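Visitor: First the structure, then my questions, so here it is.
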Amino acid sequence: MARELNEVGVVGLGTMGAGIAEVLARAGLSVTAVEVTEDALARGRGHVEQSTDRAVSRGKLDPADRDAIFERIRFTCSMEDLANAELVIEAVPERMELKAEVFAELDKICPPDTILATNTSSLSVTELSVATGRPSKVIGMHFFNPAPVMKLVEVVRTVVTEQSVVDDVEALAERLGKVDVTIGDKAGFIANALLFGYLNHAVSMFENRYATREDIDAAMRLGCGLPMGPLALMDLIGIDTAYEILDTMYKQSRNRLHAPSPVIKQMMTAGLLGRKSGRGFYTYAEPGSAEVVDDAATPAAGGAAEGARPVRAVGVIGSGTMATGILEVVAKGGYDVRFVARTPEKVEAATLALTKSLEKQVVRGRLDETARDEILARVTGTTSLDELADRDLIIEAVVESLSVKEALFANLGEIAKPGAVLATTTSSLPVIECAKASGRPADVVGMHFFNPAQVMKLVEVVSTISTAPDVAATAHAVSAQLGKHAVSCTDRAGFIVNALLFPYLNDAVKMLEAHYATADDIDAAMKVGCGYPMGPFELLDVVGLDVSLAIERELYTEFREPGFAPAPLLEHLVTAGYLGRKTGRGFRDYAAR
């Protein structure tokens with residue numbers, strides 16, 4: 001049975017250490033908080049004061065409770081004051097030699113049964129443990145920043161950590177109101193191993209000038225529902241901190257995807273450390289500020305739509321979920337819309353689906369009846385491609401098959417009037433192949449809407465090497481008219497969102513495949529620790545494992561990056577017909593729910 005820990009210590013009172021001390025004191029524990037100098041100690045106390053004062057001002061903490069927190073924390077510069085601690089958590093800077101020195105000193109001061117915990121986010125807990133004479137009493141307790149707010153704690157056991165120590169720390173995490181995941185000692189643990197590979201990939205995308213910082217960040221926020229874009233998150237974490245974590249992970253794993261992108265080291269050397277220095281990928285109002293200010297790289301508002309061709313009439317091809325969603329969005333945007341489906345029955349079904357969707361919005365008070373009728377009046381359906389000959393813009397949303405799309409664009413190249421823009425909604429196929437098939441490649445662009453199109457704000461505007469500038473501008477102008485946020489990229493597998501999302505999902509599958517953590521723990525780590533709306537396995541099951549595998553194969557085929565090779569477990573599940581929610585079983589069994 002786990003023992004109840006009451007006398008605890010924290011060594012290191014930076015932002016993280018001070019936050020951990022506050023969390024422990026809030027839970028009623030007696031805390032000894034240690035720093036090396038009186039100035040550092042005052043700063044640490046200041047961190048706790050600012051945090052608790054902010055909580056009081058927001059009504060989340062009573063003044064009396066704040067006072068009680070300070071009564072439970074003893075601030076000191078003497079490590080000797082930890083002589084009676086049952087647990088000590090070190091939260092000093094992320095340097096192995098410094099942490100090992102702290103652990104060696106704690107080993108001399110603390111009783112033999114004191115648990116020594118490290119808050120490291122990436123260093124080897126095993127290596128730290130051997131700096132003591134009690135490696136079986138050493139464990140990782142990785143809190144997330146800010147510790148008083150973030151609910152996740154990664155409990156990291158080594159091969160020699162006693163089970164009783166794990167039990168005691170898990171019980172403490174529960175007492176603190178945290179969600180804990182218990183895992184082995186591997187570079188980056190769960191959250192950082194998955195998060196920093198993704199961040200590093202985003203930095204490479206920016207470094208290679210594939211897309212702007214604003215478009216990369218907007219794409220991941222709007223396309224995946226993430227709380228922050230990757231480059232803004234890098235600035236928040238700190239470029240130097242990110243470099244240290246990536247470098248440590250690479251040295252342990254030798255995974256090329258964790259080798260820090262060169263620009264990270266260059267920025268660190270130049271002092272561009274992110275928010276804390278006032279400049280990183282973005283420029284901030286002052287050091288420590290979260291306010292982004294314009295700089296030389298800031299794009300002009302509306303600049304991407306300059307020189308657009310005029311668009312009044314739009315054609316939409318397809319009758320599936322995506323096509324009907326685009327149809328609704330375009331009609332709501334005020335355009336005259338004609339859509340093409342393969343049979344009269346499909347034309348009728350798409351019209352009915354549109355009518356039901358609009359009617360539902362009327363019932364919910366989001367649309368009045370007059371607006372509904374005006375939208376429906378702008379829409380006509382047909383089974384003939386020839387009836388798109390007068391359209392200024394034609395958007396195809398048919399099945400994700402290259403041969404089908406090529407045949408369609410070959411027809412559109414002959415049917416569409418001169419100057420008409422031809423757009424494909426493909427999420428993974430080469431836009432240039434559609435452009436080539438049309439015989440008029442300058443007029444072809446990708447407009448990748450996200451599902452459901454009525455809700456998702458993002459459109460990826462994909463230019464091929466042949467796309468005319470005014471054609472890309474037209475896609476941007478139309479997207480703006482539809483109330484969408486368009487981002488620009490060029491024609492390569494995955495565009496922005498899928499190119500960043502699916503390697504991350506693949507890494508999660510490999511982590512599960514290695515029996516490092518359960519699907520539940522991995523999902524919890526990313527949702528609770530990183531604020532993701534869904535864990536990777538929840539998302540894979542929603543997207544469909546077959547769809548995910550197809551995208552991952554496209555990425556691997558294009559980039560030839562060994563780390564992008566689809567995880568064998570994903571391939572095996574698809575082969576077995578376990579495709580996710582749509583079949584009732586994927587990474588989880590939905591039939592029994």
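If you're wondering about the labels, chains in the structure tokens are A, B, ... by order shown, residues count from 1 in each chain, ligands from 1 in order shown.
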Set the distance at 8 Å and use only C-alpha atoms: which residues neighbour Ala202 of chain A once local chain neighbours fewer than 3 positions away are removed? I'd like the list as a list in words.
Guide: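 What passes the distance filter is Tyr198, Leu199, Met205, Phe206, Ile216, Pro230, Leu231 and Leu500 of chain A.
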Visitor: Give me the residues near segment 137-145 of chain A as an NGL selection string, where near means some atom within 9 Å (using only C-alpha atoms) and where sequence neighbours in that chain fewer than 2 positions away do not count.
Guide: :A and (15-16 or 19-20 or 89 or 112-121 or 125-126 or 128-130 or 132 or 134-135 or 147-158 or 160-162 or 165-166 or 169 or 173 or 185 or 529-530)
Visitor: I need the chosen residues saved as a CSV table (one decimal), in the first residue's frame, with C-alpha atoms.
Guide:
```
chain,number,residue,atom,x,y,z
A,15,THR,CA,9.2,28.9,-13.3
A,16,MET,CA,8.7,25.2,-13.2
A,19,GLY,CA,5.0,26.0,-9.8
A,20,ILE,CA,5.7,22.5,-8.4
A,89,ILE,CA,11.8,16.9,-6.6
A,112,PRO,CA,17.8,6.2,3.0
A,113,ASP,CA,14.1,5.9,2.4
A,114,THR,CA,13.7,9.4,0.9
A,115,ILE,CA,12.5,9.3,-2.7
A,116,LEU,CA,14.6,11.4,-5.1
A,117,ALA,CA,12.6,12.6,-8.1
A,118,THR,CA,13.7,14.5,-11.2
A,119,ASN,CA,11.5,16.8,-13.2
A,120,THR,CA,13.6,16.3,-16.3
A,121,SER,CA,11.8,16.4,-19.6
A,125,VAL,CA,16.5,9.1,-15.3
A,126,THR,CA,18.7,6.0,-15.1
A,128,LEU,CA,20.8,10.4,-12.9
A,129,SER,CA,20.0,7.6,-10.5
A,130,VAL,CA,23.5,6.2,-10.6
A,132,THR,CA,23.3,8.3,-5.9
A,134,ARG,CA,20.1,4.6,-3.9
A,135,PRO,CA,19.1,4.1,-7.6
A,147,ALA,CA,2.5,23.2,-13.2
A,148,PRO,CA,-0.5,24.7,-11.2
A,149,VAL,CA,-2.6,24.6,-14.4
A,150,MET,CA,-1.4,21.6,-16.4
A,151,LYS,CA,-2.9,18.3,-15.2
A,152,LEU,CA,-0.4,15.8,-16.6
A,153,VAL,CA,2.5,14.2,-14.7
A,154,GLU,CA,4.7,11.6,-16.5
A,155,VAL,CA,5.9,9.2,-13.8
A,156,VAL,CA,9.2,7.7,-15.2
A,157,ARG,CA,10.5,4.4,-13.7
A,158,THR,CA,13.9,3.0,-14.4
A,160,VAL,CA,15.7,-0.6,-10.9
A,161,THR,CA,13.0,1.7,-9.5
A,162,GLU,CA,11.2,-0.1,-6.7
A,165,VAL,CA,8.4,4.1,-5.0
A,166,VAL,CA,6.2,4.0,-8.1
A,169,VAL,CA,4.5,8.7,-6.4
A,173,ALA,CA,0.1,12.6,-8.2
A,185,ASP,CA,13.0,5.7,-19.2
A,529,GLY,CA,-0.1,17.5,-21.4
A,530,CYS,CA,-0.2,19.3,-24.7
```
Visitor: Can you list, as a PyMOL selection string, every protein, DNA or RNA residue that comes within 9 Å of segment 273-283 of chain A when you count only C-alpha atoms, leaving out same-chain residues fewer than 2 positions away?
Guide: chain A and resi 213+231-232+234-241+267-271+285-295+297-298
Visitor: Run DSSP on the backbone of this structure and report the residues of segment 53-203 of chain A it assigns to alpha helix (DSSP H), as JSON, numbers by chain.
Guide: {"A": [53, 54, 55, 56, 57, 63, 64, 65, 66, 67, 68, 69, 70, 71, 72, 96, 97, 98, 99, 100, 101, 102, 103, 104, 105, 106, 107, 108, 109, 125, 126, 127, 128, 129, 163, 164, 165, 166, 167, 168, 169, 170, 171, 172, 173, 174, 175, 191, 192, 193, 194, 195, 196, 197, 198, 199, 200, 201, 202, 203]}
Visitor: Residues near segment 391-397 of chain A, anyone? I mean within 7 Å using only C-alpha atoms, not counting same-chain ones fewer than 3 positions away, as a list of chain:residue names.
Guide: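 After dropping sequence-adjacent residues, the list is A:Val311, A:Arg312, A:Ala313, A:Val314, A:Gly315, A:Val316, A:Ile317, A:Gly318, A:Met322, A:Ala323, A:Leu388, A:Ala420, A:Val421, A:Leu422, A:Ala423, A:Thr424, A:Thr425.
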Visitor: Could you jot down the atom CA of Gly188 of chain A to atom CA of Met249 of chain A separation for me, Å, one decimal place?
Guide: 6.1 Å
Visitor: Check the smallest atom-to-atom distance from each of A:Leu358, A:Val543, A:Ile190, A:Leu579 to Ala519 of chain A using only C-alpha atoms, then report the winner.
Guide: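 Residue with the minimum atom-to-atom distance to Ala519 of chain A: A:Ile190.
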Visitor: Could you name the residues that touch Glu4 of chain A at 12 Å or less, counting only C-alpha atoms, but leaving out those on the same chain fewer than 5 positions away, as a list in words?
Guide: Gly28, Leu29, Glu86, Leu87, Ser164, Val165, Asp167, Asp168, Val169, Glu170, Ala171, Leu172, Ala173, Glu174, Arg175 and Leu176 of chain A
Visitor: Selected residues, N, CA, C and O atoms, written as an mmCIF file, in the first residue's frame, please.
Guide:
```cif
data_model
loop_
_atom_site.group_PDB
_atom_site.id
_atom_site.type_symbol
_atom_site.label_atom_id
_atom_site.label_comp_id
_atom_site.auth_asym_id
_atom_site.auth_seq_id
_atom_site.Cartn_x
_atom_site.Cartn_y
_atom_site.Cartn_z
ATOM 1 N N GLY A 28 -1.737 20.631 0.531
ATOM 2 C CA GLY A 28 -1.628 20.454 1.972
ATOM 3 C C GLY A 28 -0.319 19.880 2.463
ATOM 4 O O GLY A 28 -0.180 19.583 3.654
ATOM 5 N N LEU A 29 0.673 19.714 1.572
ATOM 6 C CA LEU A 29 1.955 19.167 1.994
ATOM 7 C C LEU A 29 2.857 20.266 2.539
ATOM 8 O O LEU A 29 2.737 21.436 2.151
ATOM 9 N N GLU A 86 10.569 13.382 2.856
ATOM 10 C CA GLU A 86 10.214 12.024 2.420
ATOM 11 C C GLU A 86 10.349 11.887 0.902
ATOM 12 O O GLU A 86 10.503 10.790 0.376
ATOM 13 N N LEU A 87 10.249 13.020 0.220
ATOM 14 C CA LEU A 87 10.383 13.090 -1.240
ATOM 15 C C LEU A 87 11.006 14.428 -1.591
ATOM 16 O O LEU A 87 10.601 15.459 -1.049
ATOM 17 N N SER A 164 7.367 0.026 -4.850
ATOM 18 C CA SER A 164 6.798 0.838 -3.763
ATOM 19 C C SER A 164 7.003 2.326 -4.032
ATOM 20 O O SER A 164 6.157 3.159 -3.681
ATOM 21 N N VAL A 165 8.133 2.661 -4.659
ATOM 22 C CA VAL A 165 8.403 4.058 -5.005
ATOM 23 C C VAL A 165 7.416 4.533 -6.069
ATOM 24 O O VAL A 165 6.864 5.633 -5.980
ATOM 25 N N ASP A 167 4.438 3.311 -6.595
ATOM 26 C CA ASP A 167 3.124 3.393 -5.938
ATOM 27 C C ASP A 167 2.989 4.688 -5.141
ATOM 28 O O ASP A 167 1.950 5.363 -5.193
ATOM 29 N N ASP A 168 4.044 5.040 -4.387
ATOM 30 C CA ASP A 168 4.000 6.265 -3.575
ATOM 31 C C ASP A 168 3.836 7.503 -4.449
ATOM 32 O O ASP A 168 3.055 8.403 -4.127
ATOM 33 N N VAL A 169 4.565 7.551 -5.566
ATOM 34 C CA VAL A 169 4.527 8.730 -6.437
ATOM 35 C C VAL A 169 3.208 8.807 -7.191
ATOM 36 O O VAL A 169 2.640 9.898 -7.372
ATOM 37 N N GLU A 170 2.687 7.669 -7.634
ATOM 38 C CA GLU A 170 1.372 7.667 -8.290
ATOM 39 C C GLU A 170 0.287 8.155 -7.329
ATOM 40 O O GLU A 170 -0.603 8.927 -7.722
ATOM 41 N N ALA A 171 0.362 7.717 -6.078
ATOM 42 C CA ALA A 171 -0.625 8.153 -5.080
ATOM 43 C C ALA A 171 -0.509 9.658 -4.839
ATOM 44 O O ALA A 171 -1.523 10.356 -4.685
ATOM 45 N N LEU A 172 0.726 10.168 -4.820
ATOM 46 C CA LEU A 172 0.929 11.603 -4.641
ATOM 47 C C LEU A 172 0.351 12.377 -5.822
ATOM 48 O O LEU A 172 -0.312 13.409 -5.629
ATOM 49 N N ALA A 173 0.589 11.901 -7.042
ATOM 50 C CA ALA A 173 0.059 12.578 -8.234
ATOM 51 C C ALA A 173 -1.463 12.673 -8.156
ATOM 52 O O ALA A 173 -2.054 13.722 -8.473
ATOM 53 N N GLU A 174 -2.096 11.599 -7.701
ATOM 54 C CA GLU A 174 -3.560 11.606 -7.561
ATOM 55 C C GLU A 174 -3.987 12.627 -6.505
ATOM 56 O O GLU A 174 -4.962 13.363 -6.692
ATOM 57 N N ARG A 175 -3.245 12.674 -5.412
ATOM 58 C CA ARG A 175 -3.554 13.628 -4.334
ATOM 59 C C ARG A 175 -3.418 15.068 -4.828
ATOM 60 O O ARG A 175 -4.120 15.970 -4.367
ATOM 61 N N LEU A 176 -2.493 15.298 -5.741
ATOM 62 C CA LEU A 176 -2.285 16.638 -6.304
ATOM 63 C C LEU A 176 -3.343 17.004 -7.347
ATOM 64 O O LEU A 176 -3.336 18.119 -7.875
#
```
Visitor: Considering only C-alpha atoms, return as a ChimeraX atom specification whatever protein or nucleic-acid residues lie within 8 Å of Val445 of chain A, sequence-local ones (same chain, fewer than 4 positions apart) excluded.
Guide: /A:421-424,431,435,461-464,467,471-472,475
Visitor: How far is it from atom CA of Asp443 of chain A to atom CA of Gly223 of chain A, in Å with one decimal?
Guide: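 Result for atom CA of Asp443 of chain A versus atom CA of Gly223 of chain A: 25.7 Å, one decimal.
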Visitor: If you measure from atom CA of Pro262 of chain A to atom CA of Ala211 of chain A, what distance in Å do you get, rounded to one decimal?
Guide: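 If I compute the distance from atom CA of Pro262 of chain A to atom CA of Ala211 of chain A, I get 17.2 Å.
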Visitor: As JSON, numbers by chain, please: every residue in segment 153-333 of chain A that DSSP puts in strand (DSSP E or B).
Guide: {"A": [153, 154, 155, 156, 157, 179, 180, 181, 182, 183, 184, 274, 279, 283, 284, 292, 293, 313, 314, 315, 316, 317]}
Visitor: Those residues with all heavy atoms, as a compact mmCIF listing (two decimals), in the first residue's frame please?
Guide:
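Result file follows (again_29.txt):
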```txt
# COMPACT_ATOMS: atom_id res chain seq x y z
N VAL A 153 1.21 14.52 -15.28
CA VAL A 153 2.52 14.20 -14.72
C VAL A 153 2.96 12.87 -15.32
O VAL A 153 2.23 11.87 -15.23
CB VAL A 153 2.49 14.07 -13.18
CG1 VAL A 153 3.85 13.59 -12.67
CG2 VAL A 153 2.13 15.39 -12.53
N GLU A 154 4.12 12.87 -15.98
CA GLU A 154 4.70 11.62 -16.47
C GLU A 154 5.57 11.03 -15.36
O GLU A 154 6.54 11.66 -14.93
CB GLU A 154 5.54 11.87 -17.73
CG GLU A 154 4.69 12.26 -18.94
CD GLU A 154 5.52 12.54 -20.18
OE1 GLU A 154 6.56 13.23 -20.05
OE2 GLU A 154 5.12 12.12 -21.28
N VAL A 155 5.18 9.86 -14.88
CA VAL A 155 5.94 9.16 -13.85
C VAL A 155 6.88 8.18 -14.55
O VAL A 155 6.42 7.27 -15.24
CB VAL A 155 5.00 8.42 -12.88
CG1 VAL A 155 5.80 7.61 -11.85
CG2 VAL A 155 4.08 9.41 -12.17
N VAL A 156 8.18 8.42 -14.41
CA VAL A 156 9.17 7.68 -15.20
C VAL A 156 9.96 6.73 -14.30
O VAL A 156 10.72 7.17 -13.44
CB VAL A 156 10.13 8.65 -15.92
CG1 VAL A 156 11.06 7.88 -16.85
CG2 VAL A 156 9.36 9.72 -16.68
N ARG A 157 9.76 5.45 -14.50
CA ARG A 157 10.47 4.45 -13.72
C ARG A 157 11.67 3.94 -14.51
O ARG A 157 11.62 3.82 -15.73
CB ARG A 157 9.54 3.28 -13.36
CG ARG A 157 9.07 2.48 -14.56
CD ARG A 157 8.00 1.46 -14.18
NE ARG A 157 8.45 0.58 -13.10
CZ ARG A 157 7.63 -0.14 -12.35
NH1 ARG A 157 6.32 -0.09 -12.55
NH2 ARG A 157 8.09 -0.92 -11.41
N VAL A 179 -3.30 13.98 -13.56
CA VAL A 179 -3.44 12.74 -14.34
C VAL A 179 -2.03 12.21 -14.55
O VAL A 179 -1.18 12.92 -15.10
CB VAL A 179 -4.10 13.01 -15.71
CG1 VAL A 179 -4.12 11.75 -16.57
CG2 VAL A 179 -5.51 13.56 -15.52
N ASP A 180 -1.76 10.98 -14.08
CA ASP A 180 -0.41 10.47 -14.26
C ASP A 180 -0.39 9.33 -15.27
O ASP A 180 -1.34 8.56 -15.38
CB ASP A 180 0.18 9.99 -12.92
CG ASP A 180 -0.25 8.58 -12.54
OD1 ASP A 180 0.41 7.63 -12.99
OD2 ASP A 180 -1.24 8.46 -11.80
N VAL A 181 0.69 9.28 -16.03
CA VAL A 181 0.96 8.13 -16.90
C VAL A 181 2.33 7.60 -16.48
O VAL A 181 3.28 8.38 -16.32
CB VAL A 181 0.94 8.51 -18.40
CG1 VAL A 181 -0.46 8.90 -18.84
CG2 VAL A 181 1.91 9.64 -18.72
N THR A 182 2.40 6.31 -16.23
CA THR A 182 3.65 5.70 -15.76
C THR A 182 4.31 4.97 -16.92
O THR A 182 3.69 4.12 -17.56
CB THR A 182 3.37 4.73 -14.60
OG1 THR A 182 2.76 5.48 -13.53
CG2 THR A 182 4.66 4.09 -14.10
N ILE A 183 5.57 5.31 -17.16
CA ILE A 183 6.27 4.82 -18.35
C ILE A 183 7.72 4.52 -18.02
O ILE A 183 8.20 4.84 -16.93
CB ILE A 183 6.22 5.89 -19.47
CG1 ILE A 183 6.56 7.27 -18.89
CG2 ILE A 183 4.88 5.89 -20.17
CD1 ILE A 183 6.58 8.40 -19.85
N GLY A 184 8.42 3.92 -18.97
CA GLY A 184 9.83 3.62 -18.81
C GLY A 184 10.71 4.80 -19.20
O GLY A 184 10.23 5.82 -19.70
N GLY A 274 13.05 33.38 -28.50
CA GLY A 274 11.60 33.33 -28.39
C GLY A 274 11.07 34.45 -27.53
O GLY A 274 11.67 35.53 -27.43
N ARG A 279 12.33 38.04 -29.24
CA ARG A 279 12.34 37.68 -30.66
C ARG A 279 12.75 36.23 -30.83
O ARG A 279 13.68 35.75 -30.18
CB ARG A 279 13.31 38.58 -31.43
CG ARG A 279 13.23 38.40 -32.94
CD ARG A 279 14.10 39.40 -33.67
NE ARG A 279 14.30 38.99 -35.05
CZ ARG A 279 15.29 39.39 -35.83
NH1 ARG A 279 16.18 40.25 -35.37
NH2 ARG A 279 15.41 38.97 -37.07
N THR A 283 8.42 38.34 -33.63
CA THR A 283 8.94 39.45 -32.83
C THR A 283 7.87 39.87 -31.83
O THR A 283 6.67 39.95 -32.18
CB THR A 283 9.33 40.63 -33.73
OG1 THR A 283 10.33 40.19 -34.66
CG2 THR A 283 9.86 41.79 -32.91
N TYR A 284 8.28 40.13 -30.59
CA TYR A 284 7.34 40.44 -29.51
C TYR A 284 7.53 41.88 -29.02
O TYR A 284 8.58 42.49 -29.24
CB TYR A 284 7.52 39.43 -28.36
CG TYR A 284 7.23 38.02 -28.83
CD1 TYR A 284 8.24 37.24 -29.39
CD2 TYR A 284 5.94 37.51 -28.79
CE1 TYR A 284 7.97 35.96 -29.87
CE2 TYR A 284 5.66 36.23 -29.26
CZ TYR A 284 6.68 35.47 -29.81
OH TYR A 284 6.42 34.21 -30.30
N VAL A 292 2.57 39.70 -30.13
CA VAL A 292 3.34 39.65 -31.37
C VAL A 292 3.20 40.99 -32.09
O VAL A 292 2.10 41.53 -32.22
CB VAL A 292 2.84 38.51 -32.28
CG1 VAL A 292 3.57 38.52 -33.62
CG2 VAL A 292 3.02 37.16 -31.59
N VAL A 293 4.32 41.54 -32.55
CA VAL A 293 4.29 42.80 -33.30
C VAL A 293 4.82 42.54 -34.71
O VAL A 293 5.55 41.59 -34.96
CB VAL A 293 5.14 43.88 -32.60
CG1 VAL A 293 4.54 44.22 -31.24
CG2 VAL A 293 6.59 43.45 -32.44
N ALA A 313 -19.63 32.96 -60.91
CA ALA A 313 -20.31 31.67 -61.01
C ALA A 313 -19.32 30.55 -60.70
O ALA A 313 -18.19 30.54 -61.22
CB ALA A 313 -20.89 31.49 -62.41
N VAL A 314 -19.74 29.60 -59.86
CA VAL A 314 -18.86 28.52 -59.41
C VAL A 314 -19.50 27.18 -59.74
O VAL A 314 -20.71 27.00 -59.62
CB VAL A 314 -18.60 28.61 -57.89
CG1 VAL A 314 -17.75 27.44 -57.40
CG2 VAL A 314 -17.93 29.94 -57.55
N GLY A 315 -18.65 26.23 -60.14
CA GLY A 315 -19.11 24.86 -60.34
C GLY A 315 -18.49 23.96 -59.28
O GLY A 315 -17.34 24.16 -58.89
N VAL A 316 -19.25 22.97 -58.80
CA VAL A 316 -18.75 21.99 -57.84
C VAL A 316 -19.04 20.61 -58.40
O VAL A 316 -20.17 20.34 -58.83
CB VAL A 316 -19.41 22.16 -56.45
CG1 VAL A 316 -18.95 21.05 -55.49
CG2 VAL A 316 -19.10 23.53 -55.87
N ILE A 317 -18.06 19.74 -58.40
CA ILE A 317 -18.24 18.39 -58.95
C ILE A 317 -18.14 17.38 -57.81
O ILE A 317 -17.15 17.33 -57.08
CB ILE A 317 -17.17 18.07 -60.01
CG1 ILE A 317 -17.19 19.13 -61.11
CG2 ILE A 317 -17.40 16.68 -60.60
CD1 ILE A 317 -16.05 19.00 -62.11
```
Visitor: Between A:Gly333, A:Gly225, A:Pro566, A:Pro310, which one has atoms that come closest to Gly535 of chain A, using only C-alpha atoms?
Guide: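 Checking each of A:Gly333, A:Gly225, A:Pro566, A:Pro310 against Gly535 of chain A, counting only C-alpha atoms, the winner is A:Gly225.
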Visitor: For a quick check of understanding, using only C-alpha atoms, which of A:Asp491, A:Asp336, A:Glu90, A:Glu328 has the smallest distance to Lys356 of chain A?
Guide: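 Comparing A:Asp491, A:Asp336, A:Glu90, A:Glu328 against Lys356 of chain A, the winner is A:Glu328.
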Visitor: Have a look at A:Ala193, A:Val347, A:Val10, A:Ile551 and name the one nearest to Leu106 of chain A; count only C-alpha atoms.
Guide: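 That would be A:Val10, the residue with the smallest distance to Leu106 of chain A.
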Visitor: So which one's closest to Asp65 of chain A, A:Arg581, A:His201, A:Arg26, A:Arg209? Using only C-alpha atoms, please.
Guide: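 Answer, going by the shortest atom-to-atom distance: A:Arg26.
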